[in-house]
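Read through the structure below, which is laid out as structure tokens, and then see the notes.
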Amino acid sequence: LASGGNEGYVCVWSAKSSSTQPLHKFSESEAAVRALAWSPHQRGLLATGGGTADTCIRFWNMVTGSLVSSLPTYSQVCNLAWCKNVDEIVSTHGFSDNEIIIWRYPSMSRVATLSGHCRRALHLALSADSRVVI
């Protein structure tokens, strides 16, 4: 279980533990952590996205409890979702670009940039085959 908060923390708990304390607590984000997504392709890989004062997508290895990489997007990260069939992640953004971006992981090269929202793109849903972004 992972959660992100307005204070910029990412907390990760074990469902197998009776402890009320998180296994890992990360404070690298400089703003609210608004987006979280577990990779379906790599065990223990968590992606997180920061708000307007941070704008980074970070990748965490929960097996080791360490930061794998960080990508500045220069726009508030509102949501993240992994594609099920390929190692790609979709991010939605708010201030200032209001875009939806598909990234190839781990290179984080842009596969596509979708525009059209005039305000924050807060949520997204991928079709079952990950070919359609809603």
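All residue names refer to the structure tokens as shown: chains lettered A, B, ... in order, residues numbered from 1 in each chain, ligands numbered from 1 in order.
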task: For stretch 28-31 of chain A, work out the shell of residues within 12 Å, counting only C-alpha atoms and skipping chain neighbours fewer than 3 positions away, then give it as a ChimeraX atom specification.
output: /A:4-11,25,34-35,48-60,66-67,69-72,76-78
query: Quick one: residues within 6 Å of A:Glu99, only C-alpha atoms counted, chain neighbours fewer than 2 positions away excluded, as an MDAnalysis selection string?
result: chainID A and resid 92:93 97 114:115
statement: Correct to one decimal, the distance atom CA of A:Asp87-atom CA of A:Ile101 is 14.0 Å
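Near stretch 80-85 of chain A, within a cut-off of 8 Å and counting only C-alpha atoms, sit the residues Ala35, Leu36, Ala37, Trp38, Ser39, Pro40, His41, Ala47, Thr48, Gly49, Val77, Glu88, Ile89, Val90, Ser91, Thr92, Leu124, Ala125, Leu126, Ala128, Asp129 and Ser130 of chain A, with same-chain residues fewer than 3 positions away left out.
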Suppose we keep all heavy atoms; can you now write the selection as a short mmCIF file (atom, residue, chain, number, x, y, z; two decimals), in the first residue's frame?
data_model
loop_
_atom_site.label_atom_id
_atom_site.label_comp_id
_atom_site.auth_asym_id
_atom_site.auth_seq_id
_atom_site.Cartn_x
_atom_site.Cartn_y
_atom_site.Cartn_z
N ALA A 35 0.21 11.76 -7.37
CA ALA A 35 0.04 10.61 -8.26
C ALA A 35 0.93 9.47 -7.81
O ALA A 35 2.08 9.68 -7.43
CB ALA A 35 0.41 11.03 -9.69
N LEU A 36 0.39 8.24 -7.85
CA LEU A 36 1.14 7.03 -7.50
C LEU A 36 0.69 5.90 -8.41
O LEU A 36 -0.50 5.78 -8.70
CB LEU A 36 0.86 6.62 -6.05
CG LEU A 36 1.17 7.63 -4.97
CD1 LEU A 36 -0.06 7.92 -4.16
CD2 LEU A 36 2.26 7.10 -4.10
N ALA A 37 1.64 5.06 -8.83
CA ALA A 37 1.28 3.91 -9.66
C ALA A 37 2.34 2.82 -9.51
O ALA A 37 3.53 3.08 -9.67
CB ALA A 37 1.15 4.32 -11.12
N TRP A 38 1.88 1.59 -9.22
CA TRP A 38 2.78 0.44 -9.13
C TRP A 38 2.98 -0.14 -10.53
O TRP A 38 2.02 -0.30 -11.28
CB TRP A 38 2.17 -0.65 -8.24
CG TRP A 38 2.12 -0.30 -6.79
CD1 TRP A 38 1.03 0.15 -6.10
CD2 TRP A 38 3.19 -0.37 -5.85
NE1 TRP A 38 1.36 0.35 -4.79
CE2 TRP A 38 2.68 0.05 -4.60
CE3 TRP A 38 4.53 -0.75 -5.94
CZ2 TRP A 38 3.46 0.09 -3.45
CZ3 TRP A 38 5.31 -0.70 -4.79
CH2 TRP A 38 4.78 -0.29 -3.57
N SER A 39 4.20 -0.48 -10.86
CA SER A 39 4.49 -1.08 -12.16
C SER A 39 3.98 -2.51 -12.22
O SER A 39 4.24 -3.29 -11.31
CB SER A 39 6.00 -1.09 -12.42
OG SER A 39 6.29 -1.86 -13.57
N PRO A 40 3.28 -2.86 -13.31
CA PRO A 40 2.88 -4.25 -13.49
C PRO A 40 4.01 -5.09 -14.10
O PRO A 40 3.88 -6.30 -14.24
CB PRO A 40 1.69 -4.15 -14.46
CG PRO A 40 2.00 -2.94 -15.28
CD PRO A 40 2.70 -1.98 -14.34
N HIS A 41 5.12 -4.44 -14.46
CA HIS A 41 6.22 -5.12 -15.17
C HIS A 41 7.42 -5.43 -14.28
O HIS A 41 8.19 -6.32 -14.60
CB HIS A 41 6.70 -4.25 -16.34
CG HIS A 41 5.59 -3.82 -17.24
ND1 HIS A 41 4.96 -4.69 -18.09
CD2 HIS A 41 4.98 -2.62 -17.38
CE1 HIS A 41 4.00 -4.04 -18.74
NE2 HIS A 41 4.00 -2.80 -18.33
N ALA A 47 5.97 4.43 -9.07
CA ALA A 47 6.14 5.76 -9.68
C ALA A 47 5.31 6.75 -8.87
O ALA A 47 4.18 6.45 -8.47
CB ALA A 47 5.67 5.75 -11.13
N THR A 48 5.88 7.94 -8.61
CA THR A 48 5.15 8.99 -7.90
C THR A 48 5.30 10.30 -8.66
O THR A 48 6.28 10.51 -9.37
CB THR A 48 5.69 9.18 -6.46
OG1 THR A 48 7.05 9.61 -6.50
CG2 THR A 48 5.57 7.90 -5.65
N GLY A 49 4.31 11.17 -8.50
CA GLY A 49 4.34 12.46 -9.18
C GLY A 49 4.08 13.60 -8.23
O GLY A 49 3.19 13.53 -7.38
N VAL A 77 2.35 17.20 -11.84
CA VAL A 77 1.95 15.83 -12.17
C VAL A 77 0.68 15.51 -11.40
O VAL A 77 0.67 15.53 -10.17
CB VAL A 77 3.06 14.81 -11.83
CG1 VAL A 77 2.63 13.40 -12.22
CG2 VAL A 77 4.37 15.19 -12.50
N GLU A 88 5.52 1.26 -20.51
CA GLU A 88 5.27 2.68 -20.69
C GLU A 88 4.36 3.17 -19.57
O GLU A 88 3.58 2.39 -19.00
CB GLU A 88 4.62 2.96 -22.04
CG GLU A 88 5.52 2.64 -23.21
CD GLU A 88 4.86 2.79 -24.56
OE1 GLU A 88 3.63 2.95 -24.65
OE2 GLU A 88 5.61 2.72 -25.57
N ILE A 89 4.50 4.46 -19.26
CA ILE A 89 3.69 5.07 -18.21
C ILE A 89 3.06 6.33 -18.77
O ILE A 89 3.68 7.05 -19.56
CB ILE A 89 4.51 5.33 -16.93
CG1 ILE A 89 3.61 5.74 -15.77
CG2 ILE A 89 5.65 6.31 -17.18
CD1 ILE A 89 4.29 5.68 -14.40
N VAL A 90 1.81 6.58 -18.39
CA VAL A 90 1.08 7.76 -18.84
C VAL A 90 0.96 8.72 -17.66
O VAL A 90 0.62 8.31 -16.56
CB VAL A 90 -0.33 7.39 -19.35
CG1 VAL A 90 -1.06 8.62 -19.86
CG2 VAL A 90 -0.26 6.32 -20.43
N SER A 91 1.26 9.99 -17.92
CA SER A 91 1.12 11.02 -16.88
C SER A 91 0.16 12.10 -17.35
O SER A 91 0.13 12.43 -18.54
CB SER A 91 2.48 11.64 -16.54
OG SER A 91 3.07 12.24 -17.67
N THR A 92 -0.64 12.61 -16.42
CA THR A 92 -1.47 13.78 -16.72
C THR A 92 -0.90 14.95 -15.94
O THR A 92 -0.33 14.79 -14.87
CB THR A 92 -2.95 13.57 -16.35
OG1 THR A 92 -3.07 13.43 -14.93
CG2 THR A 92 -3.54 12.34 -17.04
N LEU A 124 -7.14 9.98 -15.31
CA LEU A 124 -7.06 9.25 -16.56
C LEU A 124 -7.48 7.81 -16.31
O LEU A 124 -7.45 7.33 -15.17
CB LEU A 124 -5.65 9.30 -17.16
CG LEU A 124 -4.57 8.44 -16.51
CD1 LEU A 124 -4.30 7.22 -17.40
CD2 LEU A 124 -3.31 9.23 -16.35
N ALA A 125 -7.86 7.17 -17.38
CA ALA A 125 -8.16 5.74 -17.33
C ALA A 125 -7.65 5.14 -18.64
O ALA A 125 -7.80 5.74 -19.70
CB ALA A 125 -9.66 5.49 -17.19
N LEU A 126 -7.02 3.98 -18.53
CA LEU A 126 -6.56 3.27 -19.71
C LEU A 126 -7.52 2.13 -20.00
O LEU A 126 -8.02 1.49 -19.07
CB LEU A 126 -5.15 2.70 -19.48
CG LEU A 126 -4.02 3.70 -19.31
CD1 LEU A 126 -2.73 2.97 -18.94
CD2 LEU A 126 -3.82 4.50 -20.56
N ALA A 128 -8.54 -1.69 -21.23
CA ALA A 128 -7.95 -2.96 -20.78
C ALA A 128 -6.71 -3.34 -21.56
O ALA A 128 -5.78 -3.93 -21.01
CB ALA A 128 -9.00 -4.07 -20.86
N ASP A 129 -6.65 -2.98 -22.85
CA ASP A 129 -5.47 -3.30 -23.67
C ASP A 129 -4.47 -2.15 -23.70
O ASP A 129 -3.47 -2.22 -24.42
CB ASP A 129 -5.88 -3.69 -25.07
CG ASP A 129 -6.58 -2.58 -25.85
OD1 ASP A 129 -6.70 -1.45 -25.32
OD2 ASP A 129 -6.99 -2.84 -26.98
N SER A 130 -4.70 -1.09 -22.95
CA SER A 130 -3.83 0.09 -22.84
C SER A 130 -3.66 0.85 -24.15
O SER A 130 -2.72 1.61 -24.31
CB SER A 130 -2.44 -0.31 -22.30
OG SER A 130 -2.53 -0.83 -21.01
#
- request: One decimal, Å: what's the distance from atom CA of A:Val12 over to atom CA of A:Leu46, could you say?
  value: 9.7 Å
task: Find the residue from A:Ser107, A:Leu45, A:Ile102, A:Ser17 that sits nearest to A:Arg131; use only C-alpha atoms when measuring.
output: A:Ile102
- prompt: In terms of the shortest atom-to-atom distance over only C-alpha atoms, which of A:Thr73, A:Ser27, A:Asn98, A:Asn61 is closest to A:Ala121?
  reply: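 Closest candidate: A:Asn98.
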- request: Can you check which residues of stretch 79-124 of chain A DSSP gives as strand (DSSP E) on the backbone and send them as a list in words?
  value: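 Answer for stretch 79-124 of chain A restricted to strand (DSSP E) is Asn79, Leu80, Ala81, Trp82, Glu88, Ile89, Val90, Ser91, Thr92, His93, Ile100, Ile101, Ile102, Trp103, Arg104, Ser109, Arg110, Val111, Ala112, Thr113 and Leu114 of chain A.
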field: Contacts of A:Trp13 at 9 Å (only C-alpha atoms; same-chain gap of 4+ positions) as a VMD selection string
entry: chain A and resid 1 to 3 17 19 to 24
task: Report the distance between atom CA of A:His117 and atom CA of A:Asn79 in Å, rounded to one decimal place.
output: 14.3 Å
message: My list of candidates is A:Gly94, A:Ser75, A:Arg110, A:Arg104. Which is closest to A:His123 when distances are computed with only C-alpha atoms?
response: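 Answer, going by the shortest atom-to-atom distance: A:Gly94.
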